[in-house]
Amino acid sequence: MMLQGLWQNLDYVASVVLFCIGLYTVITKSNLIKKFMGLNIMETSVFAFIVALGVVDGGDAPIMGAGAEPPFINPLPQALILTGIVVAVSTTALALSLIIRIWKQTGTIEADELREIE
Amino acid sequence: MITWPPLLALLIAIPMTSAVLTPAVARGNGNRAFWWALGVMSVASVIATMLIARVSQEGPFSYVVGGWVAPYGIELHFDEFSAAIAIICLLGLLAIVYSKDYVAHAIAEPRIPYYYTLLLLNLVAMMGFTVTGDLFNLFVFMEILSLSGYALVAVSGERIAEMAAFKYLVMGAVSSLMVLFGIGLLYALTGSLNMADIATRLEGAPSAPLAVAFAVLTLGFMVKAALFPLHIWLPDAHAIAPSPISAVLSGLVVKVGIIGMLRVYQIAYGSGAIDMSGLNLVLMWLGAISIVMGAFFAVFQDDIKMMLAYSTISNIGYIVMGLGLASTYGLIGASVHVFNHALIKATLFFGAGALIYRTGKRTLTDLAGVGRSMPFTVAAISIGAISIVGMPPTAGFLCKWYIALGAMQAGHPFFAFALVFGALFIFIYYIRMVNAFYFQQPKDPAILEVKEAPATMLVPTLILATLCLVMGVLGRVPLSFIEPAVNRLLATVGGG
């Protein structure tokens, strides 16, 4: 029963697993770039979760035209997540530029060493 | 007075467009960027005044963007809580004026337009956040605001500014993700993103995912508001940012977390589909712990801006406790404290910034005796300090009094004690500050030679200090203004 439930909700389970991997990376890695990669993995997992909300079994791509028949996949989550991705890209760009400046000033991007410098 | 409905959309559209245009308009000329930013904020303030005049006469109203009807299109909604844009405009204007001289010596001339771009973006995103009626737009505005905030912290050029900004960014990004996840869950449960619409559709939704959604949203907003265990990013970020930015961050940006919680609880209370009493209890406790711990850490700081940053954590505790009490007085006190704390904390940061600008020193030990050479600035700081303690007849007293009344009203007298206890701690650091500025012998006699702050810094500080006193005397006005909104919010839970 339990396994079957997990299998049916595989997309949600996968995003939870991804989220945990990302969180683990953010917390345990000392390298600032790796920390931020972890954050990006977390972001991806939430995006995947929300896109998965719009899925309809046997649904078609929500584009009208010849041969398109209902049911269609809900396009709203996809549109939202497109915005979410733009936000994530800007955050990443800002974080990377901050990391570059930290590196130029201190010569290191390891959180442990930076703490000593502070 | 009935205002033209699209004004609500223009409130966001005009400053947002103008903010992005700043570098093009100013083309590396810092002075022109300053006047442009000031003009934009003035226009926004005029619009905001008209909107608040309308809400006080007719009650809440909304505007549908692009003519798409509410549950499908994007809705901007203006109610009494949205009147927080008044303080955003006021502080924004003063922060821009204050920046004129401050930025000229802190930032290279060609970069100044970008500074004003970021500041304007930050302010307009906050206005958008307060008036949006749509959960996803709430998230987008929150991100604009956070991103500009991270960049503004890094702008100061202090040695560990980038590190503080990075810490702030990681915490901020995780909290934004939590909010997005919560919004996704609510969308999954209701199929809608419009707040009013969600409230009507939540009934009958399974309670477990609903509880998770509200818990995750609250957690995300708590990080933004820097409530005690989640505050670790705040002291560095707020202390290291340039002083006008510290005032905006501490006075306004952390309040976004509070307004976000208010918006989410409007949904929760409005639907009646979920029992919020567990979450309220958590909020009360965290608020009480936040009050005491924030004040406790503030007492041991020697760096004046660090002290003020910790005091923000304490004051956020007051507001969150008021929210958690979910009683009429508690909520009124909390909503008005959002406004008053912004006034008080901006006074203090503006004053501290002026001291640092003139003397180049930031610790209480080094600043000893400065009261003799910069009397007006230090007088303003003292008024701010009295307000933050909550002594009558200043602005801080009224809200704290109401929150204490709310604690009694909700049958939790213990929390009123926590409040008084916190105020005592705050009193200690107030004494330390006043003692250092007025009564201690200066460590370095050169401090007696410094001039009073330049007019662009002194005038905003004095205006705010005066407002701290005026709002204490005229306290009835905001209290009675917010009362109908609070009653409407609590009517659905039958709370009193």
# chains A, B, ... in the order shown; residues from 1 in each chain; ligands from 1
$ interface_residues --of "chain A" --to "chain B" --cutoff "10 Å" --atoms "only C-alpha atoms" --output "VMD selection string"
chain A and resid 23 26 32 35 to 36 39 to 40 42 to 47 49 to 54 76 to 77 80 to 81 83 to 84 87 to 88 90 to 92 94 to 103 105 to 106 109 111 114 to 115 117 to 118
$ write_last_selection --atoms "N, CA and C atoms" --output "compact mmCIF listing (two decimals), in the first residue's frame"
# COMPACT_ATOMS: atom_id res chain seq x y z
N LEU A 23 19.35 20.85 0.55
CA LEU A 23 19.48 21.36 1.91
C LEU A 23 20.76 20.84 2.56
N VAL A 26 23.68 22.78 1.23
CA VAL A 26 23.77 24.14 1.78
C VAL A 26 24.34 24.10 3.19
N LEU A 32 31.65 28.36 -0.75
CA LEU A 32 30.47 29.19 -1.00
C LEU A 32 29.78 28.83 -2.30
N LYS A 35 27.81 25.74 -1.71
CA LYS A 35 26.64 26.12 -0.93
C LYS A 35 25.55 26.64 -1.86
N PHE A 36 25.96 27.50 -2.79
CA PHE A 36 24.94 28.08 -3.65
C PHE A 36 24.39 27.08 -4.65
N LEU A 39 21.68 25.44 -2.98
CA LEU A 39 20.48 26.28 -2.97
C LEU A 39 19.74 26.18 -4.31
N ASN A 40 20.53 26.12 -5.39
CA ASN A 40 19.90 25.99 -6.71
C ASN A 40 19.17 24.66 -6.84
N MET A 42 17.76 23.07 -4.36
CA MET A 42 16.52 23.25 -3.61
C MET A 42 15.49 23.99 -4.45
N GLU A 43 15.95 25.06 -5.11
CA GLU A 43 15.03 25.83 -5.95
C GLU A 43 14.42 24.94 -7.02
N THR A 44 15.27 24.14 -7.68
CA THR A 44 14.78 23.26 -8.74
C THR A 44 13.72 22.31 -8.21
N SER A 45 13.95 21.81 -6.99
CA SER A 45 12.99 20.83 -6.45
C SER A 45 11.62 21.49 -6.25
N VAL A 46 11.61 22.74 -5.73
CA VAL A 46 10.33 23.41 -5.52
C VAL A 46 9.66 23.69 -6.87
N PHE A 47 10.49 24.11 -7.85
CA PHE A 47 9.93 24.37 -9.19
C PHE A 47 9.31 23.09 -9.76
N PHE A 49 8.16 20.58 -8.17
CA PHE A 49 6.95 20.27 -7.42
C PHE A 49 5.77 21.06 -7.97
N ILE A 50 5.97 22.37 -8.19
CA ILE A 50 4.84 23.19 -8.63
C ILE A 50 4.45 22.87 -10.07
N VAL A 51 5.44 22.59 -10.93
CA VAL A 51 5.09 22.23 -12.30
C VAL A 51 4.30 20.93 -12.30
N ALA A 52 4.69 20.00 -11.43
CA ALA A 52 4.01 18.72 -11.37
C ALA A 52 2.55 18.86 -10.96
N LEU A 53 2.24 19.98 -10.26
CA LEU A 53 0.85 20.19 -9.85
C LEU A 53 -0.07 20.31 -11.06
N GLY A 54 0.49 20.82 -12.17
CA GLY A 54 -0.37 21.09 -13.33
C GLY A 54 -0.60 19.89 -14.21
N LEU A 76 -0.87 27.13 -16.09
CA LEU A 76 -0.59 28.21 -15.13
C LEU A 76 0.68 27.95 -14.32
N PRO A 77 0.83 26.73 -13.71
CA PRO A 77 2.06 26.52 -12.93
C PRO A 77 3.31 26.70 -13.78
N LEU A 80 3.99 30.32 -14.09
CA LEU A 80 4.49 30.86 -12.82
C LEU A 80 5.95 30.50 -12.62
N ILE A 81 6.27 29.25 -12.90
CA ILE A 81 7.62 28.78 -12.63
C ILE A 81 8.62 29.41 -13.57
N THR A 83 8.56 32.49 -14.30
CA THR A 83 8.92 33.67 -13.52
C THR A 83 9.85 33.28 -12.38
N GLY A 84 9.52 32.16 -11.73
CA GLY A 84 10.35 31.70 -10.62
C GLY A 84 11.77 31.44 -11.06
N VAL A 87 13.66 34.63 -11.43
CA VAL A 87 14.06 35.11 -10.11
C VAL A 87 15.29 34.34 -9.63
N ALA A 88 15.26 33.01 -9.81
CA ALA A 88 16.38 32.19 -9.34
C ALA A 88 17.65 32.55 -10.08
N SER A 90 18.44 35.47 -11.35
CA SER A 90 18.96 36.75 -10.84
C SER A 90 19.64 36.56 -9.49
N THR A 91 19.01 35.74 -8.63
CA THR A 91 19.63 35.49 -7.33
C THR A 91 21.00 34.87 -7.52
N THR A 92 21.08 33.89 -8.42
CA THR A 92 22.35 33.22 -8.65
C THR A 92 23.40 34.21 -9.16
N LEU A 94 23.57 37.41 -8.70
CA LEU A 94 24.00 38.29 -7.61
C LEU A 94 24.94 37.55 -6.67
N ALA A 95 24.57 36.28 -6.34
CA ALA A 95 25.40 35.51 -5.40
C ALA A 95 26.78 35.29 -5.99
N LEU A 96 26.85 34.96 -7.28
CA LEU A 96 28.17 34.70 -7.88
C LEU A 96 29.01 35.96 -7.89
N SER A 97 28.37 37.12 -8.17
CA SER A 97 29.17 38.34 -8.18
C SER A 97 29.66 38.67 -6.78
N LEU A 98 28.83 38.39 -5.78
CA LEU A 98 29.28 38.61 -4.39
C LEU A 98 30.46 37.69 -4.08
N ILE A 99 30.36 36.43 -4.55
CA ILE A 99 31.44 35.48 -4.27
C ILE A 99 32.74 35.96 -4.92
N ILE A 100 32.64 36.49 -6.14
CA ILE A 100 33.84 37.00 -6.80
C ILE A 100 34.46 38.11 -5.97
N ARG A 101 33.62 39.01 -5.45
CA ARG A 101 34.18 40.12 -4.67
C ARG A 101 34.76 39.63 -3.35
N ILE A 102 34.12 38.63 -2.75
CA ILE A 102 34.69 38.06 -1.52
C ILE A 102 36.06 37.48 -1.83
N TRP A 103 36.16 36.78 -2.95
CA TRP A 103 37.43 36.14 -3.32
C TRP A 103 38.51 37.19 -3.58
N GLN A 105 38.73 40.13 -2.30
CA GLN A 105 39.14 40.83 -1.09
C GLN A 105 39.94 39.95 -0.15
N THR A 106 39.53 38.67 -0.05
CA THR A 106 40.12 37.83 0.99
C THR A 106 40.96 36.69 0.43
N ILE A 109 37.21 31.39 -0.66
CA ILE A 109 35.75 31.32 -0.64
C ILE A 109 35.31 30.14 0.23
N ALA A 111 33.98 28.96 3.70
CA ALA A 111 33.31 29.63 4.81
C ALA A 111 34.11 29.53 6.11
N LEU A 114 36.90 32.04 6.02
CA LEU A 114 36.34 33.40 6.07
C LEU A 114 35.95 33.77 7.49
N ARG A 115 35.45 32.80 8.23
CA ARG A 115 35.03 33.07 9.60
C ARG A 115 36.25 33.50 10.44
N ILE A 117 38.93 34.99 9.25
CA ILE A 117 39.35 36.32 8.80
C ILE A 117 38.49 37.40 9.45
N GLU A 118 37.19 37.14 9.54
CA GLU A 118 36.29 38.08 10.19
C GLU A 118 36.78 38.38 11.60
$ select_by_dssp --residues "chain A" --states "strand (DSSP E or B)" --output "PyMOL selection string"
chain A and resi 31+60+72+110
$ closest_residue --among "A:Gly65, A:Asn31, A:Gly22, A:Gly38" --to "Asp112 (chain A)" --atoms "only C-alpha atoms"
A:Asn31
$ closest_residue --among "B:Val450, B:Gly396, B:Glu80, B:Ala404" --to "Gly360 (chain B)" --atoms "only C-alpha atoms"
B:Val450
$ atom_distance --atom1 "CA of Ile344 (chain B)" --atom2 "CA of Ala465 (chain B)"
7.4 Å
$ residues_around --residues "Ala61 (chain A)" --least-positions-apart "6" --cutoff "9 Å" --atoms "only C-alpha atoms" --output "ChimeraX atom specification"
/A:68,71-75
$ atom_distance --atom1 "CA of Ile96 (chain B)" --atom2 "CA of Val46 (chain B)"
16.1 Å
$ atom_distance --atom1 "CA of Leu283 (chain B)" --atom2 "CA of Thr394 (chain B)"
26.5 Å
$ residues_around --residues "Leu121 (chain B)" --least-positions-apart "3" --cutoff "7 Å" --atoms "only C-alpha atoms" --output "list in words"
Met16, Ala19, Thr117, Leu118, Val124, Ala125, Leu145 and Ser148 of chain B
$ write_last_selection --atoms "N, CA and C atoms" --output "PDB file, in the first residue's frame"
ATOM      1  N   MET B  16       8.340  51.979 -10.493  1.00  0.00           N
ATOM      2  CA  MET B  16       9.076  50.813 -10.992  1.00  0.00           C
ATOM      3  C   MET B  16       9.786  51.168 -12.301  1.00  0.00           C
ATOM      4  N   ALA B  19      12.514  53.756 -11.673  1.00  0.00           N
ATOM      5  CA  ALA B  19      13.684  53.204 -10.986  1.00  0.00           C
ATOM      6  C   ALA B  19      14.639  52.608 -12.000  1.00  0.00           C
ATOM      7  N   THR B 117      18.905  53.529  -8.036  1.00  0.00           N
ATOM      8  CA  THR B 117      18.056  52.532  -8.703  1.00  0.00           C
ATOM      9  C   THR B 117      17.658  51.445  -7.715  1.00  0.00           C
ATOM     10  N   LEU B 118      18.659  50.920  -7.016  1.00  0.00           N
ATOM     11  CA  LEU B 118      18.381  49.839  -6.075  1.00  0.00           C
ATOM     12  C   LEU B 118      17.453  50.307  -4.965  1.00  0.00           C
ATOM     13  N   VAL B 124       9.720  50.497  -4.087  1.00  0.00           N
ATOM     14  CA  VAL B 124       8.514  50.231  -4.871  1.00  0.00           C
ATOM     15  C   VAL B 124       8.090  48.770  -4.712  1.00  0.00           C
ATOM     16  N   ALA B 125       9.068  47.873  -4.565  1.00  0.00           N
ATOM     17  CA  ALA B 125       8.700  46.471  -4.357  1.00  0.00           C
ATOM     18  C   ALA B 125       7.948  46.322  -3.044  1.00  0.00           C
ATOM     19  N   LEU B 145      12.343  42.961  -3.858  1.00  0.00           N
ATOM     20  CA  LEU B 145      12.734  43.647  -2.648  1.00  0.00           C
ATOM     21  C   LEU B 145      13.956  42.994  -2.014  1.00  0.00           C
ATOM     22  N   SER B 148      17.220  43.526  -4.261  1.00  0.00           N
ATOM     23  CA  SER B 148      17.793  44.863  -4.141  1.00  0.00           C
ATOM     24  C   SER B 148      18.370  45.052  -2.744  1.00  0.00           C
TER      25      SER B 148
END
$ residues_around --residues "Trp401 (chain B)" --least-positions-apart "2" --cutoff "12 Å" --atoms "only C-alpha atoms" --output "JSON, numbers by chain"
{"B": [318, 322, 329, 330, 331, 332, 333, 334, 336, 337, 389, 390, 391, 392, 393, 394, 395, 396, 397, 398, 399, 403, 404, 405, 406, 407, 408, 416, 417, 419, 420, 423, 472, 475, 479]}
$ write_last_selection --atoms "C-alpha atoms" --output "PDB file, in the first residue's frame"
ATOM      1  CA  TYR B 318       6.685  42.753  20.132  1.00  0.00           C
ATOM      2  CA  GLY B 322       0.790  41.040  19.104  1.00  0.00           C
ATOM      3  CA  TYR B 329      -5.920  45.164  21.209  1.00  0.00           C
ATOM      4  CA  GLY B 330      -2.933  42.947  20.473  1.00  0.00           C
ATOM      5  CA  LEU B 331      -3.443  43.140  16.724  1.00  0.00           C
ATOM      6  CA  ILE B 332      -4.076  46.886  16.764  1.00  0.00           C
ATOM      7  CA  GLY B 333      -0.934  47.409  18.815  1.00  0.00           C
ATOM      8  CA  ALA B 334       1.083  45.177  16.490  1.00  0.00           C
ATOM      9  CA  VAL B 336       0.556  50.344  14.669  1.00  0.00           C
ATOM     10  CA  HIS B 337       3.944  49.272  15.992  1.00  0.00           C
ATOM     11  CA  VAL B 389      11.985  51.992  25.493  1.00  0.00           C
ATOM     12  CA  GLY B 390       8.314  52.852  25.307  1.00  0.00           C
ATOM     13  CA  MET B 391       8.113  55.756  27.724  1.00  0.00           C
ATOM     14  CA  PRO B 392       5.079  57.984  27.450  1.00  0.00           C
ATOM     15  CA  PRO B 393       4.423  60.325  25.696  1.00  0.00           C
ATOM     16  CA  THR B 394       6.358  58.893  22.771  1.00  0.00           C
ATOM     17  CA  ALA B 395       5.251  56.751  19.849  1.00  0.00           C
ATOM     18  CA  GLY B 396       6.683  53.535  21.293  1.00  0.00           C
ATOM     19  CA  PHE B 397       4.608  53.693  24.448  1.00  0.00           C
ATOM     20  CA  LEU B 398       1.212  53.458  22.850  1.00  0.00           C
ATOM     21  CA  CYS B 399       1.800  50.289  20.832  1.00  0.00           C
ATOM     22  CA  ILE B 403       0.068  44.862  23.030  1.00  0.00           C
ATOM     23  CA  ALA B 404       0.208  44.457  26.814  1.00  0.00           C
ATOM     24  CA  LEU B 405      -3.538  45.123  26.978  1.00  0.00           C
ATOM     25  CA  GLY B 406      -3.973  42.544  24.230  1.00  0.00           C
ATOM     26  CA  ALA B 407      -2.064  39.986  26.281  1.00  0.00           C
ATOM     27  CA  MET B 408      -4.417  40.627  29.197  1.00  0.00           C
ATOM     28  CA  ALA B 416       2.676  41.069  29.382  1.00  0.00           C
ATOM     29  CA  PHE B 417       5.453  40.367  31.882  1.00  0.00           C
ATOM     30  CA  LEU B 419       7.008  42.622  27.445  1.00  0.00           C
ATOM     31  CA  VAL B 420       7.817  44.662  30.524  1.00  0.00           C
ATOM     32  CA  ALA B 423      11.429  47.016  28.043  1.00  0.00           C
ATOM     33  CA  GLY B 472       2.817  59.593  20.776  1.00  0.00           C
ATOM     34  CA  GLY B 475      -1.698  58.119  18.796  1.00  0.00           C
ATOM     35  CA  LEU B 479      -5.224  53.266  16.250  1.00  0.00           C
TER      36      LEU B 479
END
$ residues_around --residues "Ala95 (chain B)" --least-positions-apart "3" --cutoff "10 Å" --atoms "only C-alpha atoms" --output "number ranges by chain"
B: 38, 89-92, 98-100, 119, 243-248, 346, 350, 456-457, 460-461
$ residues_around --residues "Pro6 (chain B)" --least-positions-apart "6" --cutoff "10 Å" --atoms "only C-alpha atoms" --output "list of chain:residue names"
B:Ser62, B:Tyr63, B:Val64, B:Val65, B:Leu76
$ write_last_selection --atoms "C-alpha atoms" --output "short mmCIF file (atom, residue, chain, number, x, y, z; two decimals), in the first residue's frame"
data_model
loop_
_atom_site.label_atom_id
_atom_site.label_comp_id
_atom_site.auth_asym_id
_atom_site.auth_seq_id
_atom_site.Cartn_x
_atom_site.Cartn_y
_atom_site.Cartn_z
CA SER B 62 -9.32 46.83 -5.53
CA TYR B 63 -8.18 47.30 -9.10
CA VAL B 64 -8.04 44.52 -11.66
CA VAL B 65 -4.98 44.74 -13.85
CA LEU B 76 -4.34 44.90 -6.60
#
